$ cat input-v7.pdb   # PDB, C-alpha atoms, pLDDT in the B column
ATOM      1  CA  MET A 218      18.003  33.184 118.293  1.00 80.00           C
ATOM      2  CA  ILE A 219      20.003  31.412 120.973  1.00 88.00           C
ATOM      3  CA  SER A 220      23.699  30.611 120.969  1.00 93.00           C
ATOM      4  CA  GLU A 221      24.988  27.086 120.443  1.00 92.00           C
ATOM      5  CA  GLN A 222      26.034  26.942 124.100  1.00 95.00           C
ATOM      6  CA  GLU A 223      22.557  28.019 125.239  1.00 96.00           C
ATOM      7  CA  ARG A 224      20.970  25.473 122.901  1.00 95.00           C
ATOM      8  CA  ASN A 225      23.156  22.680 124.274  1.00 94.00           C
ATOM      9  CA  SER A 226      22.316  23.731 127.831  1.00 96.00           C
ATOM     10  CA  LEU A 227      18.609  23.639 127.042  1.00 97.00           C
ATOM     11  CA  ILE A 228      18.964  20.256 125.333  1.00 97.00           C
ATOM     12  CA  GLN A 229      20.708  18.895 128.421  1.00 97.00           C
ATOM     13  CA  PHE A 230      17.989  20.390 130.640  1.00 98.00           C
ATOM     14  CA  ARG A 231      15.281  18.602 128.615  1.00 98.00           C
ATOM     15  CA  ILE A 232      17.173  15.298 128.759  1.00 98.00           C
ATOM     16  CA  ASN A 233      17.538  15.696 132.517  1.00 98.00           C
ATOM     17  CA  GLN A 234      13.780  16.288 132.737  1.00 98.00           C
ATOM     18  CA  ALA A 235      13.185  13.120 130.713  1.00 99.00           C
ATOM     19  CA  ASN A 236      15.437  11.059 132.968  1.00 98.00           C
ATOM     20  CA  GLU A 237      13.808  12.496 136.091  1.00 99.00           C
ATOM     21  CA  ALA A 238      10.447  11.469 134.646  1.00 99.00           C
ATOM     22  CA  ILE A 239      11.739   7.886 134.307  1.00 99.00           C
ATOM     23  CA  GLU A 240      12.463   7.864 138.039  1.00 99.00           C
ATOM     24  CA  ASP A 241       9.149   9.556 138.854  1.00 99.00           C
ATOM     25  CA  VAL A 242       7.270   6.866 136.940  1.00 99.00           C
ATOM     26  CA  SER A 243       9.008   4.115 138.920  1.00 99.00           C
ATOM     27  CA  LYS A 244       7.789   5.704 142.152  1.00 99.00           C
ATOM     28  CA  LEU A 245       4.288   6.302 140.805  1.00 99.00           C
ATOM     29  CA  ILE A 246       3.943   2.684 139.681  1.00 99.00           C
ATOM     30  CA  GLU A 247       5.103   1.491 143.085  1.00 99.00           C
ATOM     31  CA  ALA A 248       2.509   3.782 144.717  1.00 99.00           C
ATOM     32  CA  ASN A 249      -0.148   2.396 142.327  1.00 98.00           C
ATOM     33  CA  MET A 250      -0.769   5.890 140.912  1.00 97.00           C
ATOM     34  CA  LEU A 251      -1.085   4.520 137.416  1.00 98.00           C
ATOM     35  CA  ASN A 252      -2.954   7.292 135.579  1.00 96.00           C
ATOM     36  CA  ILE A 253      -0.397   9.831 136.770  1.00 97.00           C
ATOM     37  CA  ALA A 254       2.389   7.424 135.766  1.00 98.00           C
ATOM     38  CA  VAL A 255       0.936   7.213 132.243  1.00 98.00           C
ATOM     39  CA  ASN A 256       0.935  11.016 132.075  1.00 98.00           C
ATOM     40  CA  ARG A 257       4.579  11.185 133.166  1.00 99.00           C
ATOM     41  CA  ILE A 258       5.534   8.440 130.691  1.00 99.00           C
ATOM     42  CA  TYR A 259       4.360  10.597 127.819  1.00 99.00           C
ATOM     43  CA  TYR A 260       5.858  13.795 129.170  1.00 98.00           C
ATOM     44  CA  GLY A 261       9.243  12.163 129.748  1.00 99.00           C
ATOM     45  CA  MET A 262       9.255  11.141 126.105  1.00 99.00           C
ATOM     46  CA  PHE A 263       8.023  14.604 125.110  1.00 98.00           C
ATOM     47  CA  TYR A 264      10.909  16.261 126.985  1.00 98.00           C
ATOM     48  CA  SER A 265      13.447  14.075 125.177  1.00 98.00           C
ATOM     49  CA  LEU A 266      11.761  14.763 121.845  1.00 98.00           C
ATOM     50  CA  ASN A 267      11.961  18.490 122.573  1.00 97.00           C
ATOM     51  CA  ALA A 268      15.699  18.059 123.115  1.00 97.00           C
ATOM     52  CA  LEU A 269      16.036  16.384 119.727  1.00 97.00           C
ATOM     53  CA  ALA A 270      13.978  19.108 118.066  1.00 97.00           C
ATOM     54  CA  LEU A 271      16.210  21.753 119.650  1.00 96.00           C
ATOM     55  CA  LYS A 272      19.296  20.071 118.214  1.00 95.00           C
ATOM     56  CA  TYR A 273      17.777  20.267 114.740  1.00 94.00           C
ATOM     57  CA  GLU A 274      16.367  23.767 115.310  1.00 94.00           C
ATOM     58  CA  PHE A 275      12.762  22.620 114.960  1.00 96.00           C
ATOM     59  CA  SER A 276      10.246  24.450 117.099  1.00 92.00           C
ATOM     60  CA  SER A 277       6.564  23.843 117.743  1.00 90.00           C
ATOM     61  CA  SER A 278       4.153  24.512 120.565  1.00 87.00           C
ATOM     62  CA  LYS A 279       1.856  21.710 119.366  1.00 94.00           C
ATOM     63  CA  HIS A 280       2.368  18.124 120.480  1.00 96.00           C
ATOM     64  CA  MET A 281       1.046  16.555 117.265  1.00 96.00           C
ATOM     65  CA  GLN A 282       3.228  18.797 115.121  1.00 97.00           C
ATOM     66  CA  LEU A 283       6.309  17.721 117.081  1.00 97.00           C
ATOM     67  CA  ILE A 284       5.310  14.057 116.780  1.00 98.00           C
ATOM     68  CA  GLY A 285       4.742  14.539 113.040  1.00 98.00           C
ATOM     69  CA  TRP A 286       8.173  16.134 112.663  1.00 98.00           C
ATOM     70  CA  PHE A 287       9.776  13.167 114.455  1.00 98.00           C
ATOM     71  CA  ASN A 288       8.018  10.692 112.183  1.00 97.00           C
ATOM     72  CA  LYS A 289       8.930  12.632 109.042  1.00 97.00           C
ATOM     73  CA  ALA A 290      12.539  13.393 109.993  1.00 96.00           C
ATOM     74  CA  PHE A 291      13.531  10.182 111.807  1.00 96.00           C
ATOM     75  CA  VAL A 292      11.052   7.318 111.441  1.00 97.00           C
ATOM     76  CA  LYS A 293      10.186   7.458 107.733  1.00 97.00           C
ATOM     77  CA  PRO A 294      13.812   7.822 106.558  1.00 95.00           C
ATOM     78  CA  GLY A 295      14.767   4.879 108.797  1.00 95.00           C
ATOM     79  CA  LEU A 296      17.024   6.835 111.149  1.00 94.00           C
ATOM     80  CA  VAL A 297      15.149   5.239 114.057  1.00 96.00           C
ATOM     81  CA  ASP A 298      13.209   1.992 114.170  1.00 97.00           C
ATOM     82  CA  ILE A 299       9.535   2.346 113.289  1.00 98.00           C
ATOM     83  CA  LYS A 300       8.647   0.998 116.738  1.00 98.00           C
ATOM     84  CA  TYR A 301       9.689   4.330 118.279  1.00 98.00           C
ATOM     85  CA  GLY A 302       7.090   6.194 116.258  1.00 98.00           C
ATOM     86  CA  GLN A 303       4.464   3.737 117.487  1.00 98.00           C
ATOM     87  CA  ILE A 304       5.654   3.959 121.102  1.00 99.00           C
ATOM     88  CA  LEU A 305       5.373   7.746 120.945  1.00 99.00           C
ATOM     89  CA  ARG A 306       1.905   7.691 119.351  1.00 98.00           C
ATOM     90  CA  ASP A 307       0.681   5.149 121.915  1.00 98.00           C
ATOM     91  CA  ALA A 308       2.065   7.212 124.794  1.00 99.00           C
ATOM     92  CA  PHE A 309       0.337  10.335 123.482  1.00 98.00           C
ATOM     93  CA  LYS A 310      -2.958   8.465 123.059  1.00 98.00           C
ATOM     94  CA  ASN A 311      -2.735   6.907 126.526  1.00 98.00           C
ATOM     95  CA  ARG A 312      -1.864  10.235 128.143  1.00 97.00           C
ATOM     96  CA  THR A 313      -4.752  11.976 126.406  1.00 97.00           C
ATOM     97  CA  GLU A 314      -7.230   9.259 127.380  1.00 96.00           C
ATOM     98  CA  GLY A 315      -5.938   9.117 130.945  1.00 93.00           C
ATOM     99  CA  ASP A 316      -6.151  12.881 131.342  1.00 92.00           C
ATOM    100  CA  TYR A 317      -9.458  13.582 129.626  1.00 93.00           C
ATOM    101  CA  ALA A 318     -11.610  10.469 129.156  1.00 92.00           C
ATOM    102  CA  PRO A 319     -13.828   9.414 132.057  1.00 90.00           C
ATOM    103  CA  PHE A 320     -13.436   6.042 133.756  1.00 92.00           C
ATOM    104  CA  ILE A 321     -10.045   5.198 132.242  1.00 94.00           C
ATOM    105  CA  THR A 322      -7.924   2.907 134.379  1.00 94.00           C
ATOM    106  CA  TYR A 323      -4.699   1.116 133.603  1.00 97.00           C
ATOM    107  CA  GLU A 324      -3.379  -2.242 134.755  1.00 98.00           C
ATOM    108  CA  LYS A 325      -0.058  -2.170 136.575  1.00 98.00           C
ATOM    109  CA  GLU A 326       1.511  -4.690 134.179  1.00 98.00           C
ATOM    110  CA  ASP A 327       0.531  -2.548 131.193  1.00 98.00           C
ATOM    111  CA  VAL A 328       1.988   0.590 132.774  1.00 99.00           C
ATOM    112  CA  GLN A 329       5.214  -1.287 133.528  1.00 99.00           C
ATOM    113  CA  ILE A 330       5.471  -2.182 129.830  1.00 99.00           C
ATOM    114  CA  MET A 331       4.806   1.466 128.921  1.00 99.00           C
ATOM    115  CA  HIS A 332       7.572   2.441 131.350  1.00 99.00           C
ATOM    116  CA  GLU A 333      10.044   0.096 129.656  1.00 99.00           C
ATOM    117  CA  ASN A 334       9.035   1.521 126.276  1.00 99.00           C
ATOM    118  CA  MET A 335       9.603   5.007 127.667  1.00 99.00           C
ATOM    119  CA  ARG A 336      13.112   4.058 128.804  1.00 99.00           C
ATOM    120  CA  SER A 337      13.864   2.600 125.384  1.00 99.00           C
ATOM    121  CA  PHE A 338      12.511   5.666 123.569  1.00 99.00           C
ATOM    122  CA  ILE A 339      14.495   8.132 125.675  1.00 98.00           C
ATOM    123  CA  SER A 340      17.645   6.049 125.261  1.00 98.00           C
ATOM    124  CA  GLU A 341      17.160   6.095 121.483  1.00 97.00           C
ATOM    125  CA  ILE A 342      16.687   9.869 121.519  1.00 97.00           C
ATOM    126  CA  GLU A 343      19.852  10.298 123.609  1.00 96.00           C
ATOM    127  CA  HIS A 344      21.707   8.140 121.085  1.00 95.00           C
ATOM    128  CA  ASN A 345      20.483  10.393 118.265  1.00 93.00           C
ATOM    129  CA  LEU A 346      21.519  13.513 120.155  1.00 92.00           C
ATOM    130  CA  GLY A 347      25.111  12.331 120.206  1.00 86.00           C
ATOM    131  CA  ASP A 348      27.848  14.357 121.830  1.00 60.00           C
ATOM    132  CA  LEU A 349      26.786  17.846 122.849  1.00 55.00           C
ATOM    133  CA  SER A 350      30.212  18.993 123.997  1.00 46.00           C
ATOM    134  CA  PRO A 351      31.120  22.520 122.879  1.00 38.00           C
TER     135      PRO A 351
END
$ encode --input "input-v7.pdb" --output "structure tokens"
Amino acid sequence: MISEQERNSLIQFRINQANEAIEDVSKLIEANMLNIAVNRIYYGMFYSLNALALKYEFSSSKHMQLIGWFNKAFVKPGLVDIKYGQILRDAFKNRTEGDYAPFITYEKEDVQIMHENMRSFISEIEHNLGDLSP
């Protein structure tokens, strides 16, 4: 078990990773590296979701279990708009297809929309994290 201070430090680390991923995606889109951008879009959201899970002491090594927890704990009770559950599911699906399915390509305009959705999702997660001051 970790201390509250260690937990808050780890939460902040995950949020920093998420925000770095936002910047990485901007550069990847500009470089027309769209499949890699789609991967980073999902992982940026995943990092922020990990931060939220840490706050609520939920732990899982499985992506789908973490996504399910988010839907059960935040989307279904209406704590976050249902669109965030869909954004997360779409990002996971796109990342999986981009990483594993052959011949998958993405249009720049679509990846830019995914990037905006990523920004919105991470912002919503940060809002739900609230103040982490000791």
$ resolve_selection --input "input-v7.pdb" --expression "the PyMOL selection byres ((chain A and resi 232) around 10)" --output "ChimeraX atom specification"
/A:226-231,233-238,261-269,339-340,342-343,346
$ write_last_selection --input "input-v7.pdb" --atoms "C-alpha atoms" --output "PDB file, in the coordinates of the input"
ATOM      1  CA  SER A 226      22.316  23.731 127.831  1.00 96.00           C
ATOM      2  CA  LEU A 227      18.609  23.639 127.042  1.00 97.00           C
ATOM      3  CA  ILE A 228      18.964  20.256 125.333  1.00 97.00           C
ATOM      4  CA  GLN A 229      20.708  18.895 128.421  1.00 97.00           C
ATOM      5  CA  PHE A 230      17.989  20.390 130.640  1.00 98.00           C
ATOM      6  CA  ARG A 231      15.281  18.602 128.615  1.00 98.00           C
ATOM      7  CA  ASN A 233      17.538  15.696 132.517  1.00 98.00           C
ATOM      8  CA  GLN A 234      13.780  16.288 132.737  1.00 98.00           C
ATOM      9  CA  ALA A 235      13.185  13.120 130.713  1.00 99.00           C
ATOM     10  CA  ASN A 236      15.437  11.059 132.968  1.00 98.00           C
ATOM     11  CA  GLU A 237      13.808  12.496 136.091  1.00 99.00           C
ATOM     12  CA  ALA A 238      10.447  11.469 134.646  1.00 99.00           C
ATOM     13  CA  GLY A 261       9.243  12.163 129.748  1.00 99.00           C
ATOM     14  CA  MET A 262       9.255  11.141 126.105  1.00 99.00           C
ATOM     15  CA  PHE A 263       8.023  14.604 125.110  1.00 98.00           C
ATOM     16  CA  TYR A 264      10.909  16.261 126.985  1.00 98.00           C
ATOM     17  CA  SER A 265      13.447  14.075 125.177  1.00 98.00           C
ATOM     18  CA  LEU A 266      11.761  14.763 121.845  1.00 98.00           C
ATOM     19  CA  ASN A 267      11.961  18.490 122.573  1.00 97.00           C
ATOM     20  CA  ALA A 268      15.699  18.059 123.115  1.00 97.00           C
ATOM     21  CA  LEU A 269      16.036  16.384 119.727  1.00 97.00           C
ATOM     22  CA  ILE A 339      14.495   8.132 125.675  1.00 98.00           C
ATOM     23  CA  SER A 340      17.645   6.049 125.261  1.00 98.00           C
ATOM     24  CA  ILE A 342      16.687   9.869 121.519  1.00 97.00           C
ATOM     25  CA  GLU A 343      19.852  10.298 123.609  1.00 96.00           C
ATOM     26  CA  LEU A 346      21.519  13.513 120.155  1.00 92.00           C
TER      27      LEU A 346
END
$ closest_residue --input "input-v7.pdb" --among "A:Ile253, A:Ile321, A:Ala270, A:Met331" --to "A:Trp286" --atoms "all atoms listed in the file"
A:Ala270
$ resolve_selection --input "input-v7.pdb" --expression "the PyMOL selection byres ((chain A and resi 276-281) around 12)" --output "ChimeraX atom specification"
/A:218,259-260,262-264,266-275,282-288,305-306,308-310,312-313
$ resolve_selection --input "input-v7.pdb" --expression "the PyMOL selection byres ((chain A and resi 250) around 12)" --output "mmCIF file with C-alpha atoms, in the frame of the given file"
data_model
loop_
_atom_site.group_PDB
_atom_site.id
_atom_site.type_symbol
_atom_site.label_atom_id
_atom_site.label_comp_id
_atom_site.auth_asym_id
_atom_site.auth_seq_id
_atom_site.Cartn_x
_atom_site.Cartn_y
_atom_site.Cartn_z
ATOM 1 C CA ASP A 241 9.149 9.556 138.854
ATOM 2 C CA VAL A 242 7.270 6.866 136.940
ATOM 3 C CA SER A 243 9.008 4.115 138.920
ATOM 4 C CA LYS A 244 7.789 5.704 142.152
ATOM 5 C CA LEU A 245 4.288 6.302 140.805
ATOM 6 C CA ILE A 246 3.943 2.684 139.681
ATOM 7 C CA GLU A 247 5.103 1.491 143.085
ATOM 8 C CA ALA A 248 2.509 3.782 144.717
ATOM 9 C CA ASN A 249 -0.148 2.396 142.327
ATOM 10 C CA LEU A 251 -1.085 4.520 137.416
ATOM 11 C CA ASN A 252 -2.954 7.292 135.579
ATOM 12 C CA ILE A 253 -0.397 9.831 136.770
ATOM 13 C CA ALA A 254 2.389 7.424 135.766
ATOM 14 C CA VAL A 255 0.936 7.213 132.243
ATOM 15 C CA ASN A 256 0.935 11.016 132.075
ATOM 16 C CA ARG A 257 4.579 11.185 133.166
ATOM 17 C CA GLY A 315 -5.938 9.117 130.945
ATOM 18 C CA THR A 322 -7.924 2.907 134.379
ATOM 19 C CA TYR A 323 -4.699 1.116 133.603
ATOM 20 C CA GLU A 324 -3.379 -2.242 134.755
ATOM 21 C CA LYS A 325 -0.058 -2.170 136.575
ATOM 22 C CA VAL A 328 1.988 0.590 132.774
ATOM 23 C CA GLN A 329 5.214 -1.287 133.528
#
$ residues_around --input "input-v7.pdb" --residues "A:Val297" --least-positions-apart "4" --cutoff "9 Å" --atoms "all atoms listed in the file" --output "PyMOL selection string"
chain A and resi 291-293+301-302+341-342+345
$ atom_distance --input "input-v7.pdb" --atom1 "atom CA of A:Ile258" --atom2 "atom CA of A:Tyr317"
15.9 Å
$ atom_distance --input "input-v7.pdb" --atom1 "atom CA of A:Ser220" --atom2 "atom CA of A:Phe338"
27.5 Å
$ closest_residue --input "input-v7.pdb" --among "A:Ile239, A:Ala318, A:Ile219, A:Met335" --to "A:Lys300" --atoms "all atoms listed in the file"
A:Met335
$ atom_distance --input "input-v7.pdb" --atom1 "atom CA of A:Pro294" --atom2 "atom CA of A:Glu314"
29.6 Å
$ axis_aligned_box --input "input-v7.pdb" --around "stretch 284-292 of chain A" --padding-each-side "3 Å" --output "JSON"
{"center_x": 9.1, "center_y": 11.7, "center_z": 112.9, "size_x": 14.8, "size_y": 14.8, "size_z": 13.7}
$ decode --input "input-v7.pdb" --residues "stretch 219-347 of chain A" --atoms "C-alpha atoms" --output "PDB file, in the first residue's frame"
ATOM      1  CA  ILE A 219       1.286   3.455  -0.856  1.00  0.00           C
ATOM      2  CA  SER A 220       0.963   6.627   1.178  1.00  0.00           C
ATOM      3  CA  GLU A 221      -1.410   9.411   0.189  1.00  0.00           C
ATOM      4  CA  GLN A 222       1.566  11.582  -0.772  1.00  0.00           C
ATOM      5  CA  GLU A 223       2.989   8.821  -2.985  1.00  0.00           C
ATOM      6  CA  ARG A 224      -0.430   8.278  -4.559  1.00  0.00           C
ATOM      7  CA  ASN A 225      -0.791  11.986  -5.328  1.00  0.00           C
ATOM      8  CA  SER A 226       2.708  12.047  -6.816  1.00  0.00           C
ATOM      9  CA  LEU A 227       1.874   9.096  -9.043  1.00  0.00           C
ATOM     10  CA  ILE A 228      -1.429  10.686 -10.069  1.00  0.00           C
ATOM     11  CA  GLN A 229       0.417  13.864 -11.032  1.00  0.00           C
ATOM     12  CA  PHE A 230       2.995  11.809 -12.951  1.00  0.00           C
ATOM     13  CA  ARG A 231       0.220  10.120 -14.971  1.00  0.00           C
ATOM     14  CA  ILE A 232      -1.454  13.461 -15.710  1.00  0.00           C
ATOM     15  CA  ASN A 233       1.887  14.857 -16.855  1.00  0.00           C
ATOM     16  CA  GLN A 234       2.269  11.837 -19.149  1.00  0.00           C
ATOM     17  CA  ALA A 235      -1.207  12.494 -20.554  1.00  0.00           C
ATOM     18  CA  ASN A 236      -0.425  16.146 -21.227  1.00  0.00           C
ATOM     19  CA  GLU A 237       2.905  15.251 -22.833  1.00  0.00           C
ATOM     20  CA  ALA A 238       1.015  12.855 -25.096  1.00  0.00           C
ATOM     21  CA  ILE A 239      -1.236  15.742 -26.198  1.00  0.00           C
ATOM     22  CA  GLU A 240       1.860  17.632 -27.338  1.00  0.00           C
ATOM     23  CA  ASP A 241       3.368  14.521 -28.935  1.00  0.00           C
ATOM     24  CA  VAL A 242       0.206  14.000 -30.976  1.00  0.00           C
ATOM     25  CA  SER A 243       0.355  17.573 -32.287  1.00  0.00           C
ATOM     26  CA  LYS A 244       3.875  16.930 -33.572  1.00  0.00           C
ATOM     27  CA  LEU A 245       2.975  13.530 -35.009  1.00  0.00           C
ATOM     28  CA  ILE A 246      -0.001  14.954 -36.902  1.00  0.00           C
ATOM     29  CA  GLU A 247       2.179  17.721 -38.298  1.00  0.00           C
ATOM     30  CA  ALA A 248       4.724  15.087 -39.406  1.00  0.00           C
ATOM     31  CA  ASN A 249       1.877  13.073 -40.995  1.00  0.00           C
ATOM     32  CA  MET A 250       2.652  10.095 -38.730  1.00  0.00           C
ATOM     33  CA  LEU A 251      -1.017   9.390 -38.243  1.00  0.00           C
ATOM     34  CA  ASN A 252      -1.040   5.760 -37.070  1.00  0.00           C
ATOM     35  CA  ILE A 253       1.463   6.606 -34.345  1.00  0.00           C
ATOM     36  CA  ALA A 254      -0.622   9.673 -33.448  1.00  0.00           C
ATOM     37  CA  VAL A 255      -3.701   7.457 -33.032  1.00  0.00           C
ATOM     38  CA  ASN A 256      -1.700   5.207 -30.703  1.00  0.00           C
ATOM     39  CA  ARG A 257      -0.574   8.177 -28.604  1.00  0.00           C
ATOM     40  CA  ILE A 258      -4.129   9.566 -28.512  1.00  0.00           C
ATOM     41  CA  TYR A 259      -5.329   6.426 -26.784  1.00  0.00           C
ATOM     42  CA  TYR A 260      -2.360   6.172 -24.456  1.00  0.00           C
ATOM     43  CA  GLY A 261      -2.682   9.804 -23.378  1.00  0.00           C
ATOM     44  CA  MET A 262      -6.265   9.086 -22.398  1.00  0.00           C
ATOM     45  CA  PHE A 263      -5.181   5.830 -20.748  1.00  0.00           C
ATOM     46  CA  TYR A 264      -2.598   7.670 -18.620  1.00  0.00           C
ATOM     47  CA  SER A 265      -5.232  10.139 -17.410  1.00  0.00           C
ATOM     48  CA  LEU A 266      -7.655   7.303 -16.702  1.00  0.00           C
ATOM     49  CA  ASN A 267      -4.950   5.567 -14.671  1.00  0.00           C
ATOM     50  CA  ALA A 268      -4.613   8.755 -12.626  1.00  0.00           C
ATOM     51  CA  LEU A 269      -8.341   8.744 -11.923  1.00  0.00           C
ATOM     52  CA  ALA A 270      -8.253   5.066 -10.983  1.00  0.00           C
ATOM     53  CA  LEU A 271      -5.378   5.753  -8.587  1.00  0.00           C
ATOM     54  CA  LYS A 272      -7.400   8.467  -6.868  1.00  0.00           C
ATOM     55  CA  TYR A 273     -10.213   5.986  -6.277  1.00  0.00           C
ATOM     56  CA  GLU A 274      -7.822   3.143  -5.404  1.00  0.00           C
ATOM     57  CA  PHE A 275      -8.884   1.032  -8.378  1.00  0.00           C
ATOM     58  CA  SER A 276      -6.177  -1.097  -9.927  1.00  0.00           C
ATOM     59  CA  SER A 277      -6.117  -3.217 -13.063  1.00  0.00           C
ATOM     60  CA  SER A 278      -3.494  -4.353 -15.526  1.00  0.00           C
ATOM     61  CA  LYS A 279      -6.143  -4.859 -18.226  1.00  0.00           C
ATOM     62  CA  HIS A 280      -7.223  -2.016 -20.489  1.00  0.00           C
ATOM     63  CA  MET A 281     -10.809  -3.244 -20.924  1.00  0.00           C
ATOM     64  CA  GLN A 282     -11.240  -3.707 -17.184  1.00  0.00           C
ATOM     65  CA  LEU A 283     -10.118  -0.119 -16.581  1.00  0.00           C
ATOM     66  CA  ILE A 284     -12.464   1.148 -19.303  1.00  0.00           C
ATOM     67  CA  GLY A 285     -15.302  -0.896 -17.782  1.00  0.00           C
ATOM     68  CA  TRP A 286     -14.594   0.568 -14.344  1.00  0.00           C
ATOM     69  CA  PHE A 287     -14.727   4.098 -15.793  1.00  0.00           C
ATOM     70  CA  ASN A 288     -18.058   3.414 -17.470  1.00  0.00           C
ATOM     71  CA  LYS A 289     -19.528   1.833 -14.339  1.00  0.00           C
ATOM     72  CA  ALA A 290     -18.187   4.386 -11.851  1.00  0.00           C
ATOM     73  CA  PHE A 291     -18.462   7.617 -13.869  1.00  0.00           C
ATOM     74  CA  VAL A 292     -20.463   7.314 -17.092  1.00  0.00           C
ATOM     75  CA  LYS A 293     -23.477   5.260 -15.988  1.00  0.00           C
ATOM     76  CA  PRO A 294     -24.114   7.287 -12.804  1.00  0.00           C
ATOM     77  CA  GLY A 295     -23.888  10.489 -14.872  1.00  0.00           C
ATOM     78  CA  LEU A 296     -20.764  11.869 -13.200  1.00  0.00           C
ATOM     79  CA  VAL A 297     -19.327  12.461 -16.679  1.00  0.00           C
ATOM     80  CA  ASP A 298     -21.131  12.947 -19.971  1.00  0.00           C
ATOM     81  CA  ILE A 299     -21.789   9.729 -21.872  1.00  0.00           C
ATOM     82  CA  LYS A 300     -19.731  11.098 -24.768  1.00  0.00           C
ATOM     83  CA  TYR A 301     -16.546  10.501 -22.752  1.00  0.00           C
ATOM     84  CA  GLY A 302     -17.258   6.792 -22.534  1.00  0.00           C
ATOM     85  CA  GLN A 303     -17.718   6.722 -26.305  1.00  0.00           C
ATOM     86  CA  ILE A 304     -14.566   8.772 -26.934  1.00  0.00           C
ATOM     87  CA  LEU A 305     -12.574   6.329 -24.809  1.00  0.00           C
ATOM     88  CA  ARG A 306     -14.044   3.241 -26.504  1.00  0.00           C
ATOM     89  CA  ASP A 307     -13.401   4.731 -29.953  1.00  0.00           C
ATOM     90  CA  ALA A 308      -9.813   5.598 -29.038  1.00  0.00           C
ATOM     91  CA  PHE A 309      -9.200   2.059 -27.789  1.00  0.00           C
ATOM     92  CA  LYS A 310     -10.719   0.565 -30.951  1.00  0.00           C
ATOM     93  CA  ASN A 311      -8.725   2.876 -33.225  1.00  0.00           C
ATOM     94  CA  ARG A 312      -5.485   2.183 -31.361  1.00  0.00           C
ATOM     95  CA  THR A 313      -6.043  -1.565 -31.535  1.00  0.00           C
ATOM     96  CA  GLU A 314      -6.855  -1.468 -35.250  1.00  0.00           C
ATOM     97  CA  GLY A 315      -3.944   0.848 -36.003  1.00  0.00           C
ATOM     98  CA  ASP A 316      -1.506  -1.332 -34.087  1.00  0.00           C
ATOM     99  CA  TYR A 317      -2.645  -4.781 -35.171  1.00  0.00           C
ATOM    100  CA  ALA A 318      -4.862  -4.738 -38.273  1.00  0.00           C
ATOM    101  CA  PRO A 319      -3.138  -4.711 -41.661  1.00  0.00           C
ATOM    102  CA  PHE A 320      -3.619  -1.870 -44.132  1.00  0.00           C
ATOM    103  CA  ILE A 321      -5.224   0.558 -41.677  1.00  0.00           C
ATOM    104  CA  THR A 322      -4.674   4.204 -42.522  1.00  0.00           C
ATOM    105  CA  TYR A 323      -6.209   7.321 -41.061  1.00  0.00           C
ATOM    106  CA  GLU A 324      -7.101  10.639 -42.657  1.00  0.00           C
ATOM    107  CA  LYS A 325      -5.440  13.691 -41.151  1.00  0.00           C
ATOM    108  CA  GLU A 326      -8.781  15.428 -40.542  1.00  0.00           C
ATOM    109  CA  ASP A 327     -10.076  12.399 -38.642  1.00  0.00           C
ATOM    110  CA  VAL A 328      -6.953  12.233 -36.477  1.00  0.00           C
ATOM    111  CA  GLN A 329      -7.273  15.952 -35.729  1.00  0.00           C
ATOM    112  CA  ILE A 330     -10.821  15.322 -34.483  1.00  0.00           C
ATOM    113  CA  MET A 331      -9.543  12.405 -32.376  1.00  0.00           C
ATOM    114  CA  HIS A 332      -6.890  14.751 -30.974  1.00  0.00           C
ATOM    115  CA  GLU A 333      -9.521  17.303 -29.954  1.00  0.00           C
ATOM    116  CA  ASN A 334     -11.546  14.523 -28.328  1.00  0.00           C
ATOM    117  CA  MET A 335      -8.415  13.436 -26.478  1.00  0.00           C
ATOM    118  CA  ARG A 336      -7.887  16.967 -25.153  1.00  0.00           C
ATOM    119  CA  SER A 337     -11.505  17.124 -24.026  1.00  0.00           C
ATOM    120  CA  PHE A 338     -11.325  13.711 -22.338  1.00  0.00           C
ATOM    121  CA  ILE A 339      -8.128  14.508 -20.441  1.00  0.00           C
ATOM    122  CA  SER A 340      -9.531  17.869 -19.361  1.00  0.00           C
ATOM    123  CA  GLU A 341     -12.642  16.124 -18.025  1.00  0.00           C
ATOM    124  CA  ILE A 342     -10.506  13.617 -16.123  1.00  0.00           C
ATOM    125  CA  GLU A 343      -8.425  16.447 -14.627  1.00  0.00           C
ATOM    126  CA  HIS A 344     -11.659  18.140 -13.555  1.00  0.00           C
ATOM    127  CA  ASN A 345     -12.763  14.927 -11.826  1.00  0.00           C
ATOM    128  CA  LEU A 346      -9.410  14.574 -10.092  1.00  0.00           C
ATOM    129  CA  GLY A 347      -9.906  17.908  -8.379  1.00  0.00           C
TER     130      GLY A 347
END
